[in-house]
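Quick look at input_15.cif (mmCIF, N, CA and C atoms):
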```
data_model
#
loop_
_atom_site.label_atom_id
_atom_site.label_comp_id
_atom_site.auth_asym_id
_atom_site.auth_seq_id
_atom_site.Cartn_x
_atom_site.Cartn_y
_atom_site.Cartn_z
N SER H 1 0.85 -1.19 0.00
CA SER H 1 0.00 0.00 0.00
C SER H 1 0.88 1.23 0.00
N HIS H 2 0.28 2.37 -0.27
CA HIS H 2 1.01 3.63 -0.17
C HIS H 2 0.02 4.76 0.08
N PRO H 3 0.49 5.84 0.72
CA PRO H 3 -0.36 6.99 0.94
C PRO H 3 -0.81 7.57 -0.42
N PRO H 4 -1.88 8.36 -0.42
CA PRO H 4 -2.43 8.85 -1.69
C PRO H 4 -1.58 9.91 -2.39
N GLN H 5 -0.62 10.51 -1.70
CA GLN H 5 0.16 11.58 -2.30
C GLN H 5 1.63 11.24 -2.37
N ASN H 6 2.32 11.86 -3.32
CA ASN H 6 3.77 11.74 -3.40
C ASN H 6 4.39 12.65 -2.34
N LYS H 7 5.40 12.13 -1.66
CA LYS H 7 6.11 12.87 -0.62
C LYS H 7 7.59 12.55 -0.73
N GLU H 8 8.41 13.34 -0.04
CA GLU H 8 9.85 13.06 0.00
C GLU H 8 10.06 11.74 0.74
N VAL H 9 10.77 10.82 0.10
CA VAL H 9 11.06 9.51 0.70
C VAL H 9 12.57 9.33 0.70
N ARG H 10 13.09 8.88 1.84
CA ARG H 10 14.51 8.58 2.00
C ARG H 10 14.70 7.07 1.88
N TYR H 11 15.73 6.67 1.15
CA TYR H 11 16.06 5.26 0.98
C TYR H 11 17.44 5.02 1.57
N ILE H 12 17.51 4.07 2.50
CA ILE H 12 18.73 3.83 3.27
C ILE H 12 19.21 2.39 3.03
N PRO H 13 20.38 2.22 2.42
CA PRO H 13 20.93 0.87 2.24
C PRO H 13 21.24 0.23 3.60
N VAL H 14 20.99 -1.05 3.70
CA VAL H 14 21.32 -1.82 4.91
C VAL H 14 22.00 -3.12 4.47
N ASN H 15 22.70 -3.74 5.38
CA ASN H 15 23.39 -5.01 5.11
C ASN H 15 24.33 -4.92 3.91
N THR H 16 25.01 -3.78 3.78
CA THR H 16 25.91 -3.59 2.63
C THR H 16 27.09 -4.56 2.67
N ALA H 17 27.44 -5.05 3.84
CA ALA H 17 28.51 -6.05 3.92
C ALA H 17 28.07 -7.35 3.23
N ASP H 18 26.77 -7.65 3.28
CA ASP H 18 26.25 -8.86 2.64
C ASP H 18 26.17 -8.71 1.12
N THR H 19 25.83 -7.51 0.65
CA THR H 19 25.64 -7.31 -0.78
C THR H 19 26.91 -6.84 -1.48
N GLY H 20 27.77 -6.10 -0.75
CA GLY H 20 28.94 -5.49 -1.37
C GLY H 20 28.57 -4.26 -2.20
N TRP H 21 27.32 -3.80 -2.07
CA TRP H 21 26.84 -2.66 -2.84
C TRP H 21 27.12 -1.36 -2.10
N SER H 22 26.99 -0.27 -2.78
CA SER H 22 27.23 1.06 -2.22
C SER H 22 26.35 1.31 -0.99
N ALA H 23 26.93 2.04 -0.04
CA ALA H 23 26.19 2.37 1.17
C ALA H 23 25.57 3.76 1.06
N GLU H 24 25.56 4.34 -0.15
CA GLU H 24 25.03 5.68 -0.35
C GLU H 24 23.50 5.66 -0.34
N GLY H 25 22.91 6.45 0.54
CA GLY H 25 21.47 6.59 0.56
C GLY H 25 21.04 7.66 -0.44
N PHE H 26 19.74 7.76 -0.68
CA PHE H 26 19.22 8.76 -1.60
C PHE H 26 17.79 9.09 -1.22
N GLN H 27 17.30 10.19 -1.75
CA GLN H 27 15.91 10.57 -1.50
C GLN H 27 15.38 11.37 -2.67
N PHE H 28 14.06 11.27 -2.86
CA PHE H 28 13.37 12.04 -3.88
C PHE H 28 11.88 11.95 -3.63
N LEU H 29 11.12 12.76 -4.34
CA LEU H 29 9.66 12.74 -4.28
C LEU H 29 9.21 11.42 -4.88
N ASP H 30 8.40 10.67 -4.14
CA ASP H 30 8.05 9.32 -4.58
C ASP H 30 6.76 8.87 -3.93
N GLU H 31 6.18 7.80 -4.45
CA GLU H 31 5.11 7.09 -3.76
C GLU H 31 5.79 6.19 -2.74
N HIS H 32 5.53 6.43 -1.47
CA HIS H 32 6.18 5.63 -0.43
C HIS H 32 5.40 4.33 -0.25
N TYR H 33 5.88 3.28 -0.87
CA TYR H 33 5.25 1.97 -0.75
C TYR H 33 5.56 1.36 0.61
N PHE H 34 4.54 0.76 1.19
CA PHE H 34 4.68 0.03 2.44
C PHE H 34 4.45 -1.44 2.12
N VAL H 35 5.52 -2.22 2.27
CA VAL H 35 5.47 -3.63 1.94
C VAL H 35 5.80 -4.46 3.18
N SER H 36 5.39 -5.69 3.14
CA SER H 36 5.80 -6.62 4.19
C SER H 36 6.28 -7.90 3.51
N CYS H 37 7.21 -8.53 4.16
CA CYS H 37 7.72 -9.81 3.66
C CYS H 37 8.26 -10.58 4.86
N ALA H 38 8.54 -11.83 4.66
CA ALA H 38 9.11 -12.67 5.72
C ALA H 38 10.59 -12.33 5.81
N GLU H 39 10.92 -11.32 6.61
CA GLU H 39 12.31 -10.83 6.68
C GLU H 39 13.29 -11.92 7.09
N GLU H 40 12.85 -12.88 7.87
CA GLU H 40 13.74 -13.95 8.30
C GLU H 40 14.10 -14.90 7.16
N SER H 41 13.36 -14.81 6.04
CA SER H 41 13.59 -15.70 4.90
C SER H 41 14.17 -14.99 3.69
N THR H 42 14.59 -13.75 3.87
CA THR H 42 15.11 -12.98 2.74
C THR H 42 16.21 -12.04 3.22
N GLY H 43 16.86 -11.39 2.31
CA GLY H 43 17.92 -10.44 2.64
C GLY H 43 17.47 -9.03 2.32
N VAL H 44 17.05 -8.29 3.33
CA VAL H 44 16.64 -6.90 3.13
C VAL H 44 17.91 -6.08 2.90
N PHE H 45 17.95 -5.31 1.80
CA PHE H 45 19.11 -4.48 1.49
C PHE H 45 18.78 -3.00 1.43
N LEU H 46 17.49 -2.65 1.57
CA LEU H 46 17.10 -1.24 1.50
C LEU H 46 15.88 -0.99 2.38
N ARG H 47 15.94 0.09 3.12
CA ARG H 47 14.79 0.54 3.93
C ARG H 47 14.37 1.90 3.45
N SER H 48 13.10 2.25 3.71
CA SER H 48 12.57 3.54 3.29
C SER H 48 11.93 4.25 4.47
N GLU H 49 11.98 5.59 4.43
CA GLU H 49 11.40 6.41 5.50
C GLU H 49 10.78 7.66 4.89
N SER H 50 9.65 8.07 5.45
CA SER H 50 9.03 9.34 5.09
C SER H 50 8.23 9.80 6.31
N GLU H 51 7.53 10.90 6.16
CA GLU H 51 6.71 11.37 7.28
C GLU H 51 5.57 10.39 7.59
N ASP H 52 5.31 9.45 6.69
CA ASP H 52 4.26 8.45 6.90
C ASP H 52 4.74 7.20 7.61
N GLY H 53 6.06 7.05 7.80
CA GLY H 53 6.59 5.89 8.51
C GLY H 53 7.78 5.29 7.79
N SER H 54 8.04 4.02 8.10
CA SER H 54 9.18 3.33 7.49
C SER H 54 8.74 1.96 6.98
N SER H 55 9.51 1.45 6.03
CA SER H 55 9.17 0.18 5.41
C SER H 55 10.42 -0.45 4.81
N ILE H 56 10.23 -1.56 4.16
CA ILE H 56 11.28 -2.23 3.41
C ILE H 56 11.27 -1.64 2.00
N GLY H 57 12.44 -1.29 1.48
CA GLY H 57 12.54 -0.73 0.14
C GLY H 57 13.12 -1.71 -0.87
N GLY H 58 13.77 -2.77 -0.39
CA GLY H 58 14.34 -3.75 -1.31
C GLY H 58 14.77 -5.00 -0.57
N TRP H 59 14.57 -6.16 -1.21
CA TRP H 59 14.98 -7.43 -0.62
C TRP H 59 15.33 -8.40 -1.74
N ARG H 60 16.09 -9.45 -1.39
CA ARG H 60 16.51 -10.45 -2.37
C ARG H 60 16.75 -11.79 -1.68
N HIS H 61 16.56 -12.86 -2.44
CA HIS H 61 16.90 -14.19 -1.94
C HIS H 61 16.92 -15.20 -3.08
N LEU H 62 17.51 -16.32 -2.79
CA LEU H 62 17.50 -17.44 -3.74
C LEU H 62 16.15 -18.11 -3.67
N HIS H 63 15.72 -18.67 -4.80
CA HIS H 63 14.46 -19.41 -4.85
C HIS H 63 14.63 -20.56 -5.83
N GLY H 64 14.72 -21.76 -5.29
CA GLY H 64 14.97 -22.92 -6.14
C GLY H 64 16.28 -22.75 -6.90
N GLU H 65 16.22 -22.83 -8.21
CA GLU H 65 17.41 -22.67 -9.06
C GLU H 65 17.64 -21.21 -9.44
N GLY H 66 16.75 -20.31 -9.01
CA GLY H 66 16.85 -18.92 -9.44
C GLY H 66 16.98 -17.94 -8.29
N LYS H 67 16.75 -16.69 -8.61
CA LYS H 67 16.87 -15.61 -7.65
C LYS H 67 15.66 -14.69 -7.77
N VAL H 68 15.28 -14.08 -6.65
CA VAL H 68 14.17 -13.13 -6.61
C VAL H 68 14.69 -11.85 -6.00
N CYS H 69 14.37 -10.71 -6.63
CA CYS H 69 14.80 -9.42 -6.11
C CYS H 69 13.64 -8.44 -6.24
N CYS H 70 13.35 -7.72 -5.17
CA CYS H 70 12.28 -6.72 -5.17
C CYS H 70 12.89 -5.36 -4.87
N LEU H 71 12.56 -4.37 -5.68
CA LEU H 71 13.05 -3.02 -5.51
C LEU H 71 11.85 -2.09 -5.60
N ALA H 72 11.50 -1.40 -4.48
CA ALA H 72 10.27 -0.61 -4.42
C ALA H 72 10.40 0.85 -4.85
N PRO H 73 11.56 1.51 -4.79
CA PRO H 73 11.60 2.95 -5.11
C PRO H 73 11.42 3.28 -6.58
N ALA H 74 11.16 4.56 -6.81
CA ALA H 74 11.17 5.21 -8.12
C ALA H 74 9.93 4.93 -8.95
N HIS H 75 8.96 5.80 -8.81
CA HIS H 75 7.71 5.71 -9.57
C HIS H 75 7.49 6.96 -10.42
N ARG H 76 8.41 7.90 -10.32
CA ARG H 76 8.33 9.13 -11.09
C ARG H 76 9.62 9.29 -11.89
N ARG H 77 9.56 10.08 -12.95
CA ARG H 77 10.71 10.28 -13.84
C ARG H 77 11.97 10.69 -13.07
N GLU H 78 11.82 11.63 -12.13
CA GLU H 78 12.97 12.13 -11.38
C GLU H 78 13.66 11.02 -10.61
N GLY H 79 12.88 10.14 -10.01
CA GLY H 79 13.46 9.02 -9.27
C GLY H 79 14.07 7.98 -10.18
N LEU H 80 13.39 7.68 -11.28
CA LEU H 80 13.90 6.68 -12.22
C LEU H 80 15.21 7.09 -12.86
N LEU H 81 15.45 8.39 -12.97
CA LEU H 81 16.67 8.89 -13.59
C LEU H 81 17.75 9.29 -12.59
N ALA H 82 17.46 9.17 -11.30
CA ALA H 82 18.44 9.54 -10.27
C ALA H 82 19.61 8.56 -10.29
N ALA H 83 20.83 9.09 -10.32
CA ALA H 83 22.03 8.25 -10.42
C ALA H 83 22.12 7.18 -9.32
N PRO H 84 21.85 7.50 -8.04
CA PRO H 84 21.94 6.45 -7.02
C PRO H 84 20.92 5.33 -7.23
N PHE H 85 19.72 5.68 -7.72
CA PHE H 85 18.73 4.64 -7.99
C PHE H 85 19.18 3.77 -9.15
N LEU H 86 19.68 4.39 -10.21
CA LEU H 86 20.15 3.61 -11.37
C LEU H 86 21.29 2.67 -10.99
N GLU H 87 22.17 3.12 -10.12
CA GLU H 87 23.26 2.24 -9.65
C GLU H 87 22.69 1.05 -8.89
N LEU H 88 21.73 1.30 -8.01
CA LEU H 88 21.12 0.22 -7.24
C LEU H 88 20.36 -0.74 -8.15
N LEU H 89 19.61 -0.21 -9.11
CA LEU H 89 18.90 -1.05 -10.07
C LEU H 89 19.89 -1.92 -10.84
N GLY H 90 21.00 -1.34 -11.27
CA GLY H 90 22.03 -2.11 -11.97
C GLY H 90 22.59 -3.22 -11.11
N ASN H 91 22.83 -2.93 -9.82
CA ASN H 91 23.32 -3.97 -8.91
C ASN H 91 22.32 -5.11 -8.78
N CYS H 92 21.04 -4.77 -8.70
CA CYS H 92 20.00 -5.80 -8.59
C CYS H 92 19.97 -6.68 -9.84
N LEU H 93 20.02 -6.05 -11.01
CA LEU H 93 20.00 -6.81 -12.26
C LEU H 93 21.22 -7.70 -12.40
N LYS H 94 22.40 -7.18 -12.05
CA LYS H 94 23.63 -7.99 -12.11
C LYS H 94 23.52 -9.18 -11.17
N TRP H 95 23.03 -8.95 -9.96
CA TRP H 95 22.90 -10.05 -8.99
C TRP H 95 21.96 -11.13 -9.53
N CYS H 96 20.84 -10.72 -10.12
CA CYS H 96 19.89 -11.69 -10.65
C CYS H 96 20.47 -12.48 -11.82
N ALA H 97 21.28 -11.82 -12.62
CA ALA H 97 21.83 -12.47 -13.83
C ALA H 97 23.04 -13.35 -13.55
N GLU H 98 23.75 -13.10 -12.43
CA GLU H 98 24.94 -13.89 -12.13
C GLU H 98 24.55 -15.30 -11.71
N PRO H 99 25.21 -16.29 -12.26
CA PRO H 99 24.92 -17.67 -11.83
C PRO H 99 25.45 -17.92 -10.41
N GLY H 100 24.87 -18.88 -9.78
CA GLY H 100 25.39 -19.31 -8.49
C GLY H 100 24.67 -18.73 -7.31
N LYS H 101 25.30 -18.92 -6.18
CA LYS H 101 24.73 -18.52 -4.90
C LYS H 101 24.89 -17.04 -4.67
N GLU H 102 24.38 -16.59 -3.53
CA GLU H 102 24.48 -15.18 -3.15
C GLU H 102 25.91 -14.81 -3.07
#
```

Could you express the structure from this file as structure tokens?
Amino acid sequence: SHPPQNKEVRYIPVNTADTGWSAEGFQFLDEHYFVSCAEESTGVFLRSESEDGSSIGGWRHLHGEGKVCCLAPAHRREGLLAAPFLELLGNCLKWCAEPGKE
């Protein structure tokens, strides 16, 4: 779910030692999605915060012979073109495409 209006949302990388990805956070006007998942069964790598609360912004895990990755930020042009978001999206795609374990 998400609130009805776009607001400033901060995205904070977590567990960067597990992913090896950049620890740079970012923020922009966005739809702040509130998601839930079985955190004990996945690797949360991004959290989100706004005046409406906090949530998970990204998670990944192995599934059978494949990989699953969820990335919640960027629903507007400004967010989709933001350099830190594009770097994170690239990391997610590379991780999904690489063979093998985490």

Carefully work through the PyMOL selection byres ((chain H and resi 14-28) around 8) for this structure and note down the residues it includes, as a PyMOL selection string.
chain H and resi 6-13+29-31+43-47+78-79+84-85+87-88+91+102

Taking the file as shown, what set of residues would the PyMOL selection byres ((chain H and resi 72) around 7) give back, as a count of residues only?
10

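Take the candidates H:Glu51, H:Pro3, H:Arg77, H:Leu62 and check each one against Phe34 in chain H using only C-alpha atoms; the shortest distance goes to H:Pro3.
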
Pick out each residue of range 17-98 of chain H that DSSP on the backbone tags as strand (DSSP E); I need them as a PDB file with N, CA and C atoms, in the frame of the given file.
```pdb
ATOM      1  N   PHE H  26      19.740   7.760  -0.680  1.00  0.00           N
ATOM      2  CA  PHE H  26      19.220   8.760  -1.600  1.00  0.00           C
ATOM      3  C   PHE H  26      17.790   9.090  -1.220  1.00  0.00           C
ATOM      4  N   GLN H  27      17.300  10.190  -1.750  1.00  0.00           N
ATOM      5  CA  GLN H  27      15.910  10.570  -1.500  1.00  0.00           C
ATOM      6  C   GLN H  27      15.380  11.370  -2.670  1.00  0.00           C
ATOM      7  N   PHE H  28      14.060  11.270  -2.860  1.00  0.00           N
ATOM      8  CA  PHE H  28      13.370  12.040  -3.880  1.00  0.00           C
ATOM      9  C   PHE H  28      11.880  11.950  -3.630  1.00  0.00           C
ATOM     10  N   LEU H  29      11.120  12.760  -4.340  1.00  0.00           N
ATOM     11  CA  LEU H  29       9.660  12.740  -4.280  1.00  0.00           C
ATOM     12  C   LEU H  29       9.210  11.420  -4.880  1.00  0.00           C
ATOM     13  N   ASP H  30       8.400  10.670  -4.140  1.00  0.00           N
ATOM     14  CA  ASP H  30       8.050   9.320  -4.580  1.00  0.00           C
ATOM     15  C   ASP H  30       6.760   8.870  -3.930  1.00  0.00           C
ATOM     16  N   GLY H  43      16.860 -11.390   2.310  1.00  0.00           N
ATOM     17  CA  GLY H  43      17.920 -10.440   2.640  1.00  0.00           C
ATOM     18  C   GLY H  43      17.470  -9.030   2.320  1.00  0.00           C
ATOM     19  N   VAL H  44      17.050  -8.290   3.330  1.00  0.00           N
ATOM     20  CA  VAL H  44      16.640  -6.900   3.130  1.00  0.00           C
ATOM     21  C   VAL H  44      17.910  -6.080   2.900  1.00  0.00           C
ATOM     22  N   PHE H  45      17.950  -5.310   1.800  1.00  0.00           N
ATOM     23  CA  PHE H  45      19.110  -4.480   1.490  1.00  0.00           C
ATOM     24  C   PHE H  45      18.780  -3.000   1.430  1.00  0.00           C
ATOM     25  N   LEU H  46      17.490  -2.650   1.570  1.00  0.00           N
ATOM     26  CA  LEU H  46      17.100  -1.240   1.500  1.00  0.00           C
ATOM     27  C   LEU H  46      15.880  -0.990   2.380  1.00  0.00           C
ATOM     28  N   ARG H  47      15.940   0.090   3.120  1.00  0.00           N
ATOM     29  CA  ARG H  47      14.790   0.540   3.930  1.00  0.00           C
ATOM     30  C   ARG H  47      14.370   1.900   3.450  1.00  0.00           C
ATOM     31  N   SER H  48      13.100   2.250   3.710  1.00  0.00           N
ATOM     32  CA  SER H  48      12.570   3.540   3.290  1.00  0.00           C
ATOM     33  C   SER H  48      11.930   4.250   4.470  1.00  0.00           C
ATOM     34  N   GLU H  49      11.980   5.590   4.430  1.00  0.00           N
ATOM     35  CA  GLU H  49      11.400   6.410   5.500  1.00  0.00           C
ATOM     36  C   GLU H  49      10.780   7.660   4.890  1.00  0.00           C
ATOM     37  N   SER H  50       9.650   8.070   5.450  1.00  0.00           N
ATOM     38  CA  SER H  50       9.030   9.340   5.090  1.00  0.00           C
ATOM     39  C   SER H  50       8.230   9.800   6.310  1.00  0.00           C
ATOM     40  N   GLY H  53       6.060   7.050   7.800  1.00  0.00           N
ATOM     41  CA  GLY H  53       6.590   5.890   8.510  1.00  0.00           C
ATOM     42  C   GLY H  53       7.780   5.290   7.790  1.00  0.00           C
ATOM     43  N   SER H  54       8.040   4.020   8.100  1.00  0.00           N
ATOM     44  CA  SER H  54       9.180   3.330   7.490  1.00  0.00           C
ATOM     45  C   SER H  54       8.740   1.960   6.980  1.00  0.00           C
ATOM     46  N   SER H  55       9.510   1.450   6.030  1.00  0.00           N
ATOM     47  CA  SER H  55       9.170   0.180   5.410  1.00  0.00           C
ATOM     48  C   SER H  55      10.420  -0.450   4.810  1.00  0.00           C
ATOM     49  N   ILE H  56      10.230  -1.560   4.160  1.00  0.00           N
ATOM     50  CA  ILE H  56      11.280  -2.230   3.410  1.00  0.00           C
ATOM     51  C   ILE H  56      11.270  -1.640   2.000  1.00  0.00           C
ATOM     52  N   GLY H  57      12.440  -1.290   1.480  1.00  0.00           N
ATOM     53  CA  GLY H  57      12.540  -0.730   0.140  1.00  0.00           C
ATOM     54  C   GLY H  57      13.120  -1.710  -0.870  1.00  0.00           C
ATOM     55  N   GLY H  58      13.770  -2.770  -0.390  1.00  0.00           N
ATOM     56  CA  GLY H  58      14.340  -3.750  -1.310  1.00  0.00           C
ATOM     57  C   GLY H  58      14.770  -5.000  -0.570  1.00  0.00           C
ATOM     58  N   TRP H  59      14.570  -6.160  -1.210  1.00  0.00           N
ATOM     59  CA  TRP H  59      14.980  -7.430  -0.620  1.00  0.00           C
ATOM     60  C   TRP H  59      15.330  -8.400  -1.740  1.00  0.00           C
ATOM     61  N   ARG H  60      16.090  -9.450  -1.390  1.00  0.00           N
ATOM     62  CA  ARG H  60      16.510 -10.450  -2.370  1.00  0.00           C
ATOM     63  C   ARG H  60      16.750 -11.790  -1.680  1.00  0.00           C
ATOM     64  N   HIS H  61      16.560 -12.860  -2.440  1.00  0.00           N
ATOM     65  CA  HIS H  61      16.900 -14.190  -1.940  1.00  0.00           C
ATOM     66  C   HIS H  61      16.920 -15.200  -3.080  1.00  0.00           C
ATOM     67  N   LEU H  62      17.510 -16.320  -2.790  1.00  0.00           N
ATOM     68  CA  LEU H  62      17.500 -17.440  -3.740  1.00  0.00           C
ATOM     69  C   LEU H  62      16.150 -18.110  -3.670  1.00  0.00           C
ATOM     70  N   HIS H  63      15.720 -18.670  -4.800  1.00  0.00           N
ATOM     71  CA  HIS H  63      14.460 -19.410  -4.850  1.00  0.00           C
ATOM     72  C   HIS H  63      14.630 -20.560  -5.830  1.00  0.00           C
ATOM     73  N   GLY H  66      16.750 -20.310  -9.010  1.00  0.00           N
ATOM     74  CA  GLY H  66      16.850 -18.920  -9.440  1.00  0.00           C
ATOM     75  C   GLY H  66      16.980 -17.940  -8.290  1.00  0.00           C
ATOM     76  N   LYS H  67      16.750 -16.690  -8.610  1.00  0.00           N
ATOM     77  CA  LYS H  67      16.870 -15.610  -7.650  1.00  0.00           C
ATOM     78  C   LYS H  67      15.660 -14.690  -7.770  1.00  0.00           C
ATOM     79  N   VAL H  68      15.280 -14.080  -6.650  1.00  0.00           N
ATOM     80  CA  VAL H  68      14.170 -13.130  -6.610  1.00  0.00           C
ATOM     81  C   VAL H  68      14.690 -11.850  -6.000  1.00  0.00           C
ATOM     82  N   CYS H  69      14.370 -10.710  -6.630  1.00  0.00           N
ATOM     83  CA  CYS H  69      14.800  -9.420  -6.110  1.00  0.00           C
ATOM     84  C   CYS H  69      13.640  -8.440  -6.240  1.00  0.00           C
ATOM     85  N   CYS H  70      13.350  -7.720  -5.170  1.00  0.00           N
ATOM     86  CA  CYS H  70      12.280  -6.720  -5.170  1.00  0.00           C
ATOM     87  C   CYS H  70      12.890  -5.360  -4.870  1.00  0.00           C
ATOM     88  N   LEU H  71      12.560  -4.370  -5.680  1.00  0.00           N
ATOM     89  CA  LEU H  71      13.050  -3.020  -5.510  1.00  0.00           C
ATOM     90  C   LEU H  71      11.850  -2.090  -5.600  1.00  0.00           C
TER      91      LEU H  71
END
```

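Note that CA of His2 in chain H and atom N of Lys67 in chain H are 27.1 Å apart.
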
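Between Ser55 in chain H and the residues H:Leu86, H:Leu81, H:Cys92, H:Val35, the shortest atom-to-atom distance, using only N, CA and C atoms, involves H:Val35.
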
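Atom C of Cys69 in chain H is found 20.6 Å from atom N of Ser50 in chain H.
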
Kindly indicate which residue among H:Cys96, H:His32, H:Gly66, H:Gln5 lies nearest to Ser48 in chain H, using only N, CA and C atoms for the distances.
H:His32

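The two atoms in question, atom N of Leu80 in chain H and atom N of Lys94 in chain H, are spaced 17.4 Å apart.
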
Could I get range 73-94 of chain H from the block written out with N, CA and C atoms, as a compact mmCIF listing (two decimals), in the first residue's frame?
```
# COMPACT_ATOMS: atom_id res chain seq x y z
N PRO H 73 11.56 1.51 -4.79
CA PRO H 73 11.60 2.95 -5.11
C PRO H 73 11.42 3.28 -6.58
N ALA H 74 11.16 4.56 -6.81
CA ALA H 74 11.17 5.21 -8.12
C ALA H 74 9.93 4.93 -8.95
N HIS H 75 8.96 5.80 -8.81
CA HIS H 75 7.71 5.71 -9.57
C HIS H 75 7.49 6.96 -10.42
N ARG H 76 8.41 7.90 -10.32
CA ARG H 76 8.33 9.13 -11.09
C ARG H 76 9.62 9.29 -11.89
N ARG H 77 9.56 10.08 -12.95
CA ARG H 77 10.71 10.28 -13.84
C ARG H 77 11.97 10.69 -13.07
N GLU H 78 11.82 11.63 -12.13
CA GLU H 78 12.97 12.13 -11.38
C GLU H 78 13.66 11.02 -10.61
N GLY H 79 12.88 10.14 -10.01
CA GLY H 79 13.46 9.02 -9.27
C GLY H 79 14.07 7.98 -10.18
N LEU H 80 13.39 7.68 -11.28
CA LEU H 80 13.90 6.68 -12.22
C LEU H 80 15.21 7.09 -12.86
N LEU H 81 15.45 8.39 -12.97
CA LEU H 81 16.67 8.89 -13.59
C LEU H 81 17.75 9.29 -12.59
N ALA H 82 17.46 9.17 -11.30
CA ALA H 82 18.44 9.54 -10.27
C ALA H 82 19.61 8.56 -10.29
N ALA H 83 20.83 9.09 -10.32
CA ALA H 83 22.03 8.25 -10.42
C ALA H 83 22.12 7.18 -9.32
N PRO H 84 21.85 7.50 -8.04
CA PRO H 84 21.94 6.45 -7.02
C PRO H 84 20.92 5.33 -7.23
N PHE H 85 19.72 5.68 -7.72
CA PHE H 85 18.73 4.64 -7.99
C PHE H 85 19.18 3.77 -9.15
N LEU H 86 19.68 4.39 -10.21
CA LEU H 86 20.15 3.61 -11.37
C LEU H 86 21.29 2.67 -10.99
N GLU H 87 22.17 3.12 -10.12
CA GLU H 87 23.26 2.24 -9.65
C GLU H 87 22.69 1.05 -8.89
N LEU H 88 21.73 1.30 -8.01
CA LEU H 88 21.12 0.22 -7.24
C LEU H 88 20.36 -0.74 -8.15
N LEU H 89 19.61 -0.21 -9.11
CA LEU H 89 18.90 -1.05 -10.07
C LEU H 89 19.89 -1.92 -10.84
N GLY H 90 21.00 -1.34 -11.27
CA GLY H 90 22.03 -2.11 -11.97
C GLY H 90 22.59 -3.22 -11.11
N ASN H 91 22.83 -2.93 -9.82
CA ASN H 91 23.32 -3.97 -8.91
C ASN H 91 22.32 -5.11 -8.78
N CYS H 92 21.04 -4.77 -8.70
CA CYS H 92 20.00 -5.80 -8.59
C CYS H 92 19.97 -6.68 -9.84
N LEU H 93 20.02 -6.05 -11.01
CA LEU H 93 20.00 -6.81 -12.26
C LEU H 93 21.22 -7.70 -12.40
N LYS H 94 22.40 -7.18 -12.05
CA LYS H 94 23.63 -7.99 -12.11
C LYS H 94 23.52 -9.18 -11.17
```
